[in-house]
Amino acid sequence: MRNYWLALLTLCVGFGPTGASAESSPEQPFPPSYITTDVGKELLVTDWSDPQICAGCHPRQWKGWNGSMHSIAFNDPVFQAEWALAEKEMKGELMNHCGGCHTPIGVATQTIKFDPKMGKHGGFTSEGVANHGVSCDVCHTISGSNLLKTAVLEHGNASIVLSPGNIKRGPLRDAKSPFHETAFSDHHTKSEFCGNCHNIFHTTNNFPVERTYDEWKYSVYAQKDIQCQDCHMVPVETAIRVADELTPAKKLKDHGLGGIAGMGGVRPRGLVHDHGFVGGNAVVAPLMGVQGAEEHKAEAIKRLQHVAELDLAVKHQSGPLHKATVTVHNKRAGHHIPTSLTFIRQIWLEVVVTDDKGRELLRSGTLDENNNLPEDTFIFSNKSVDENGKPTHKPWRIARFEEMNTIPPRGKRLVDYAFNLPEDAKSFTVTSRLHYRSFGQDVADYLLGEGAVKVPSVEMEMLERQYGAKDLKVVAQRSSNDSAERVAVTN
């Protein structure tokens, strides 16, 4: 009876048995994650197939997955360090919350163990296929979503139904396999499938800590029926076309993505999805030395270098004072830039102004000798604070964002820079660069240890214009598109 009233209350007002201290129940057996299973028995890691088995018939899909962030979701040292801090600070109450998306099998089998001697802060181990994070058989044995059981009545916090067994689910209606049974799943064709983990809300105050799915849901991409899969399960060149034409991948003319989905496939398919799930992370997999990581790194850099565009304008204010305005456009991301951990990700502007005599009139956003950003740098990020209003980068401490500077899909942000132009200058040059890195050097030092890694940054875009000092007309221009060999990674 108690569970009935809790479920009813959840449906009516959006509250329920959430929170880090929620007790296990049939509706939420692995709190505070929302993973459930429907097989009616205690599960073992051997109930799921190892990715190497899948590779036998699906080598293309396996190659894409191997080295992806999904494949290292559990072993990612940055995630492990953050998770270890949460484990110690919250006395184990968030083990299932973090593990729910990073090793669903580990949570469903309750095989995750914390080892305080691993790494700088401690680490986690599991068994067998659970160590492969978000593996093939995780996604292809998902049979539904538990969004109506969540505190916010929305996808997120591992709101998935796991149904391990011989039935593998996917987007093909007539798939046949000599090795396993198949079932069509409309869920696998929609962004809602991804939203089960790419939306994360706080376990007690329900604040949306990560909201990539929501950012997409209220965008023009969703309005045009463009799903996450249309950009993150196709080559970069196709993703660019999807964004520019605002058309789902399968409807693009001459997309060239057809082929056989598996060895001995029923017939050639009009579109076969890649399984690299490439986003913007070009750091962690190469850092770990994972097989296939360099290919993912190259793809990530290519995506980052085609997401945004820059524009420049200069106006005279008074006397020697001038104002340069840099406009950053989110041209091709179906979510905000940056997205995910928007309080840790860094996209920033580096702007330098020099005159024809070589004098530097302005410099902002240039990394210092310790690979850190100056305080005056304009960073496109969200500033998170705890319940007392103090800045925090710990997801489990976040109560709200006190400042939001991310750029929505097809949106833009304008940033102003003031400088004084000497009377004897005949011309001046404004150079603007947009950079990205998954996390700052201070975060890396804190999580992994000082000097453990020097965080690289990717130059997403560059625009440089030379102006006449008197009329402010553009006399020369240089941009990222002018050279086939772009400056990709610094440091």
# chains A, B, ... in the order shown; residues from 1 in each chain; ligands from 1
$ select_by_dssp --residues "range 218-437 of chain A" --states "alpha helix (DSSP H)" --output "PyMOL selection string"
chain A and resi 220-223+229-232+236-245+284-288+293-304
$ select_by_dssp --residues "range 154-269 of chain A" --states "strand (DSSP E or B)" --output "ChimeraX atom specification"
/A:160-162,167-170,181-184,199-201,208-211,259,269
$ write_last_selection --atoms "N, CA and C atoms" --output "compact mmCIF listing (two decimals), in the first residue's frame"
# COMPACT_ATOMS: atom_id res chain seq x y z
N ILE A 160 16.27 3.38 -17.17
CA ILE A 160 16.20 2.33 -18.18
C ILE A 160 15.69 1.02 -17.59
N VAL A 161 15.03 0.25 -18.45
CA VAL A 161 14.61 -1.11 -18.10
C VAL A 161 15.56 -2.07 -18.80
N LEU A 162 16.28 -2.85 -18.03
CA LEU A 162 17.23 -3.82 -18.58
C LEU A 162 16.57 -5.19 -18.68
N ILE A 167 17.27 -12.01 -26.56
CA ILE A 167 16.65 -11.03 -27.47
C ILE A 167 17.47 -9.75 -27.48
N LYS A 168 17.92 -9.34 -28.68
CA LYS A 168 18.65 -8.10 -28.84
C LYS A 168 17.76 -7.11 -29.61
N ARG A 169 17.63 -5.93 -29.05
CA ARG A 169 16.70 -4.94 -29.58
C ARG A 169 17.43 -3.87 -30.35
N GLY A 170 16.81 -3.39 -31.44
CA GLY A 170 17.42 -2.35 -32.24
C GLY A 170 16.42 -1.73 -33.19
N GLU A 181 18.09 -13.93 -30.90
CA GLU A 181 16.80 -13.43 -31.36
C GLU A 181 16.87 -11.92 -31.52
N THR A 182 15.97 -11.36 -32.31
CA THR A 182 15.95 -9.92 -32.54
C THR A 182 14.55 -9.38 -32.30
N ALA A 183 14.50 -8.08 -31.98
CA ALA A 183 13.21 -7.42 -31.79
C ALA A 183 13.36 -5.96 -32.17
N PHE A 184 12.37 -5.46 -32.89
CA PHE A 184 12.37 -4.04 -33.25
C PHE A 184 12.06 -3.20 -32.02
N ASN A 199 20.62 13.07 -19.41
CA ASN A 199 19.95 14.02 -18.53
C ASN A 199 20.26 13.56 -17.12
N ILE A 200 20.83 14.41 -16.31
CA ILE A 200 21.14 14.04 -14.93
C ILE A 200 20.62 15.14 -14.01
N PHE A 201 19.81 14.75 -13.03
CA PHE A 201 19.33 15.72 -12.05
C PHE A 201 19.77 15.29 -10.66
N PRO A 208 18.71 20.23 -12.40
CA PRO A 208 19.26 19.60 -13.61
C PRO A 208 20.76 19.87 -13.75
N VAL A 209 21.56 18.96 -13.27
CA VAL A 209 23.01 19.11 -13.29
C VAL A 209 23.55 19.01 -14.72
N GLU A 210 23.05 18.04 -15.47
CA GLU A 210 23.37 17.89 -16.89
C GLU A 210 22.05 17.77 -17.64
N ARG A 211 21.92 18.49 -18.75
CA ARG A 211 20.62 18.47 -19.44
C ARG A 211 20.78 18.48 -20.96
N GLY A 259 24.49 -0.12 -46.45
CA GLY A 259 25.37 -1.28 -46.33
C GLY A 259 24.72 -2.39 -45.53
N ARG A 269 21.07 -2.28 -46.07
CA ARG A 269 20.21 -1.27 -45.43
C ARG A 269 20.47 0.10 -46.04
$ atom_distance --atom1 "CA of Ala249 in chain A" --atom2 "CA of His102 in chain A"
27.8 Å
$ residues_around --residues "Lys297 in chain A" --least-positions-apart "5" --cutoff "10 Å" --atoms "only C-alpha atoms" --output "VMD selection string"
chain A and resid 67 to 68 278 to 286 292 302 to 303
$ write_last_selection --atoms "N, CA and C atoms" --output "JSON list (two decimals), in the first residue's frame"
[["chain", "number", "residue", "atom", "x", "y", "z"],
["A", 67, "GLY", "N", 37.13, 2.20, -27.90],
["A", 67, "GLY", "CA", 37.86, 3.46, -27.85],
["A", 67, "GLY", "C", 36.96, 4.66, -27.70],
["A", 68, "SER", "N", 35.63, 4.43, -27.78],
["A", 68, "SER", "CA", 34.68, 5.52, -27.57],
["A", 68, "SER", "C", 34.55, 5.81, -26.08],
["A", 278, "VAL", "N", 30.76, 9.87, -31.27],
["A", 278, "VAL", "CA", 31.79, 10.89, -31.07],
["A", 278, "VAL", "C", 31.18, 12.24, -30.69],
["A", 279, "GLY", "N", 31.72, 12.83, -29.64],
["A", 279, "GLY", "CA", 31.33, 14.17, -29.22],
["A", 279, "GLY", "C", 32.54, 15.06, -29.22],
["A", 280, "GLY", "N", 32.82, 15.72, -28.11],
["A", 280, "GLY", "CA", 33.93, 16.67, -28.06],
["A", 280, "GLY", "C", 35.12, 16.21, -27.25],
["A", 281, "ASN", "N", 35.08, 15.00, -26.68],
["A", 281, "ASN", "CA", 36.16, 14.58, -25.80],
["A", 281, "ASN", "C", 37.30, 13.94, -26.59],
["A", 282, "ALA", "N", 38.41, 14.66, -26.69],
["A", 282, "ALA", "CA", 39.58, 14.17, -27.41],
["A", 282, "ALA", "C", 40.73, 13.87, -26.47],
["A", 283, "VAL", "N", 40.44, 13.76, -25.18],
["A", 283, "VAL", "CA", 41.51, 13.67, -24.18],
["A", 283, "VAL", "C", 41.60, 12.30, -23.52],
["A", 284, "VAL", "N", 40.49, 11.83, -22.93],
["A", 284, "VAL", "CA", 40.55, 10.72, -21.98],
["A", 284, "VAL", "C", 40.99, 9.40, -22.62],
["A", 285, "ALA", "N", 40.36, 9.01, -23.73],
["A", 285, "ALA", "CA", 40.72, 7.72, -24.34],
["A", 285, "ALA", "C", 42.19, 7.67, -24.76],
["A", 286, "PRO", "N", 42.73, 8.72, -25.43],
["A", 286, "PRO", "CA", 44.16, 8.69, -25.73],
["A", 286, "PRO", "C", 45.03, 8.67, -24.47],
["A", 292, "GLY", "N", 42.15, 2.26, -30.72],
["A", 292, "GLY", "CA", 41.17, 3.01, -31.50],
["A", 292, "GLY", "C", 40.97, 4.43, -31.02],
["A", 302, "LYS", "N", 37.65, 17.11, -35.34],
["A", 302, "LYS", "CA", 36.97, 17.53, -36.56],
["A", 302, "LYS", "C", 35.57, 18.07, -36.26],
["A", 303, "ARG", "N", 34.87, 17.41, -35.35],
["A", 303, "ARG", "CA", 33.53, 17.88, -34.97],
["A", 303, "ARG", "C", 33.61, 19.24, -34.29]]
$ closest_residue --among "A:Thr203, A:Ala175, A:Pro164, A:Trp396" --to "Glu87 in chain A" --atoms "only C-alpha atoms"
A:Trp396
$ closest_residue --among "A:Ser159, A:Thr327, A:Ser25, A:Asn75" --to "Met118 in chain A" --atoms "only C-alpha atoms"
A:Asn75
$ closest_residue --among "A:Ala300, A:Val385, A:Met95, A:Leu287" --to "Asp76 in chain A" --atoms "only C-alpha atoms"
A:Leu287
$ residues_around --residues "Thr392 in chain A" --least-positions-apart "4" --cutoff "12 Å" --atoms "only C-alpha atoms" --output "list in words"
Phe343, Ile344, Asn382, Lys383, Ser384, Val385, Asp386, Glu387, Asn388, Trp396, Arg397, Ile398, Ala399, Arg400, Phe401, Glu402 and Val443 of chain A
$ write_last_selection --atoms "N, CA and C atoms" --output "compact mmCIF listing (two decimals), in the first residue's frame"
# COMPACT_ATOMS: atom_id res chain seq x y z
N PHE A 343 29.54 23.20 -16.12
CA PHE A 343 30.28 23.93 -15.10
C PHE A 343 31.73 23.48 -15.03
N ILE A 344 32.09 22.44 -15.79
CA ILE A 344 33.46 21.95 -15.86
C ILE A 344 34.05 22.11 -17.26
N ASN A 382 28.59 27.43 -17.31
CA ASN A 382 27.64 27.77 -16.25
C ASN A 382 28.37 27.73 -14.91
N LYS A 383 28.12 28.73 -14.08
CA LYS A 383 28.78 28.82 -12.79
C LYS A 383 27.87 28.22 -11.73
N SER A 384 28.33 27.13 -11.12
CA SER A 384 27.52 26.38 -10.17
C SER A 384 27.88 26.74 -8.73
N VAL A 385 26.87 26.74 -7.87
CA VAL A 385 27.07 27.03 -6.46
C VAL A 385 26.30 26.02 -5.62
N ASP A 386 26.70 25.88 -4.36
CA ASP A 386 26.02 24.97 -3.46
C ASP A 386 24.85 25.69 -2.79
N GLU A 387 24.22 25.04 -1.83
CA GLU A 387 23.03 25.61 -1.19
C GLU A 387 23.34 26.88 -0.40
N ASN A 388 24.63 27.12 -0.10
CA ASN A 388 25.03 28.34 0.60
C ASN A 388 25.54 29.42 -0.34
N TRP A 396 27.39 16.63 -6.82
CA TRP A 396 26.51 16.27 -5.71
C TRP A 396 26.28 17.44 -4.74
N ARG A 397 27.03 18.54 -4.92
CA ARG A 397 26.87 19.71 -4.06
C ARG A 397 26.09 20.84 -4.74
N ILE A 398 25.83 20.71 -6.02
CA ILE A 398 25.23 21.81 -6.77
C ILE A 398 23.76 22.02 -6.38
N ALA A 399 23.43 23.28 -6.11
CA ALA A 399 22.05 23.65 -5.81
C ALA A 399 21.43 24.46 -6.94
N ARG A 400 22.29 25.19 -7.68
CA ARG A 400 21.77 26.01 -8.78
C ARG A 400 22.94 26.55 -9.59
N PHE A 401 22.63 27.15 -10.74
CA PHE A 401 23.60 27.91 -11.51
C PHE A 401 23.32 29.39 -11.25
N GLU A 402 24.33 30.12 -10.83
CA GLU A 402 24.12 31.55 -10.60
C GLU A 402 24.43 32.37 -11.84
N VAL A 443 41.22 21.37 -12.51
CA VAL A 443 40.38 20.19 -12.25
C VAL A 443 41.21 18.91 -12.41
$ residues_around --residues "Gly440 in chain A" --least-positions-apart "2" --cutoff "9 Å" --atoms "only C-alpha atoms" --output "PDB file with N, CA and C atoms, in the first residue's frame"
ATOM      1  N   ILE A 344      32.090  22.439 -15.795  1.00  0.00           N
ATOM      2  CA  ILE A 344      33.464  21.948 -15.859  1.00  0.00           C
ATOM      3  C   ILE A 344      34.046  22.107 -17.256  1.00  0.00           C
ATOM      4  N   ARG A 345      33.249  21.833 -18.293  1.00  0.00           N
ATOM      5  CA  ARG A 345      33.710  22.021 -19.670  1.00  0.00           C
ATOM      6  C   ARG A 345      34.126  23.478 -19.882  1.00  0.00           C
ATOM      7  N   GLN A 346      35.099  23.689 -20.761  1.00  0.00           N
ATOM      8  CA  GLN A 346      35.557  25.047 -21.030  1.00  0.00           C
ATOM      9  C   GLN A 346      35.599  25.326 -22.530  1.00  0.00           C
ATOM     10  N   ASN A 371      49.270  26.478 -17.761  1.00  0.00           N
ATOM     11  CA  ASN A 371      48.141  25.933 -18.524  1.00  0.00           C
ATOM     12  C   ASN A 371      46.792  26.311 -17.915  1.00  0.00           C
ATOM     13  N   ASN A 372      46.755  27.445 -17.218  1.00  0.00           N
ATOM     14  CA  ASN A 372      45.508  27.945 -16.643  1.00  0.00           C
ATOM     15  C   ASN A 372      45.083  29.220 -17.346  1.00  0.00           C
ATOM     16  N   LEU A 373      43.800  29.538 -17.254  1.00  0.00           N
ATOM     17  CA  LEU A 373      43.251  30.713 -17.909  1.00  0.00           C
ATOM     18  C   LEU A 373      43.296  31.929 -16.991  1.00  0.00           C
ATOM     19  N   ARG A 437      38.295  22.692 -24.144  1.00  0.00           N
ATOM     20  CA  ARG A 437      38.884  21.547 -23.453  1.00  0.00           C
ATOM     21  C   ARG A 437      37.836  20.973 -22.497  1.00  0.00           C
ATOM     22  N   SER A 438      37.932  19.683 -22.283  1.00  0.00           N
ATOM     23  CA  SER A 438      36.912  18.970 -21.514  1.00  0.00           C
ATOM     24  C   SER A 438      36.886  19.401 -20.059  1.00  0.00           C
ATOM     25  N   ASP A 442      43.243  22.979 -13.517  1.00  0.00           N
ATOM     26  CA  ASP A 442      43.049  22.905 -12.070  1.00  0.00           C
ATOM     27  C   ASP A 442      42.208  21.688 -11.687  1.00  0.00           C
ATOM     28  N   VAL A 443      41.215  21.368 -12.507  1.00  0.00           N
ATOM     29  CA  VAL A 443      40.383  20.189 -12.246  1.00  0.00           C
ATOM     30  C   VAL A 443      41.212  18.912 -12.408  1.00  0.00           C
ATOM     31  N   ALA A 444      42.021  18.867 -13.464  1.00  0.00           N
ATOM     32  CA  ALA A 444      42.873  17.691 -13.687  1.00  0.00           C
ATOM     33  C   ALA A 444      43.852  17.494 -12.532  1.00  0.00           C
ATOM     34  N   ASP A 445      44.454  18.590 -12.066  1.00  0.00           N
ATOM     35  CA  ASP A 445      45.404  18.494 -10.956  1.00  0.00           C
ATOM     36  C   ASP A 445      44.712  18.010  -9.689  1.00  0.00           C
ATOM     37  N   VAL A 455      46.477  19.161 -19.706  1.00  0.00           N
ATOM     38  CA  VAL A 455      45.235  19.081 -20.475  1.00  0.00           C
ATOM     39  C   VAL A 455      45.388  19.828 -21.794  1.00  0.00           C
TER      40      VAL A 455
END
$ residues_around --residues "Cys101 in chain A" --least-positions-apart "6" --cutoff "10 Å" --atoms "only C-alpha atoms" --output "NGL selection string"
:A and (33-35 or 70 or 73-74 or 107 or 133-134 or 156-160 or 196-198 or 200)
$ write_last_selection --atoms "C-alpha atoms" --output "PDB file, in the first residue's frame"
ATOM      1  CA  SER A  33      19.369   5.321  -9.999  1.00  0.00           C
ATOM      2  CA  TYR A  34      16.163   4.408 -11.831  1.00  0.00           C
ATOM      3  CA  ILE A  35      17.420   1.168 -13.363  1.00  0.00           C
ATOM      4  CA  HIS A  70      30.973   4.616 -23.953  1.00  0.00           C
ATOM      5  CA  ALA A  73      32.624   4.999 -19.269  1.00  0.00           C
ATOM      6  CA  PHE A  74      33.476   2.937 -16.189  1.00  0.00           C
ATOM      7  CA  VAL A 107      24.631  -1.637 -10.734  1.00  0.00           C
ATOM      8  CA  GLY A 133      30.966   0.518 -19.190  1.00  0.00           C
ATOM      9  CA  VAL A 134      28.219   1.113 -21.730  1.00  0.00           C
ATOM     10  CA  GLY A 156      17.408  10.762 -16.767  1.00  0.00           C
ATOM     11  CA  ASN A 157      19.467   9.231 -13.957  1.00  0.00           C
ATOM     12  CA  ALA A 158      19.631   5.861 -15.750  1.00  0.00           C
ATOM     13  CA  SER A 159      15.880   5.598 -16.265  1.00  0.00           C
ATOM     14  CA  ILE A 160      16.196   2.328 -18.180  1.00  0.00           C
ATOM     15  CA  ASN A 196      17.848   8.184 -20.166  1.00  0.00           C
ATOM     16  CA  CYS A 197      21.482   8.882 -19.264  1.00  0.00           C
ATOM     17  CA  HIS A 198      22.249  12.201 -20.926  1.00  0.00           C
ATOM     18  CA  ILE A 200      21.138  14.043 -14.934  1.00  0.00           C
TER      19      ILE A 200
END
$ atom_distance --atom1 "CA of Lys63 in chain A" --atom2 "CA of Ser340 in chain A"
24.8 Å
$ atom_distance --atom1 "CA of Pro26 in chain A" --atom2 "CA of Gly99 in chain A"
19.0 Å
$ residues_around --residues "range 229-246 of chain A" --least-positions-apart "6" --cutoff "8 Å" --atoms "only C-alpha atoms" --output "MDAnalysis selection string"
chainID A and resid 189:191 221 252 255 273:279 299 302:303 306 331:334
$ closest_residue --among "A:Leu414, A:Val290, A:Ala108, A:Val314" --to "Lys470 in chain A" --atoms "only C-alpha atoms"
A:Val314
$ closest_residue --among "A:Leu312, A:Phe124, A:Gln441, A:Gly358" --to "Met462 in chain A" --atoms "only C-alpha atoms"
A:Leu312
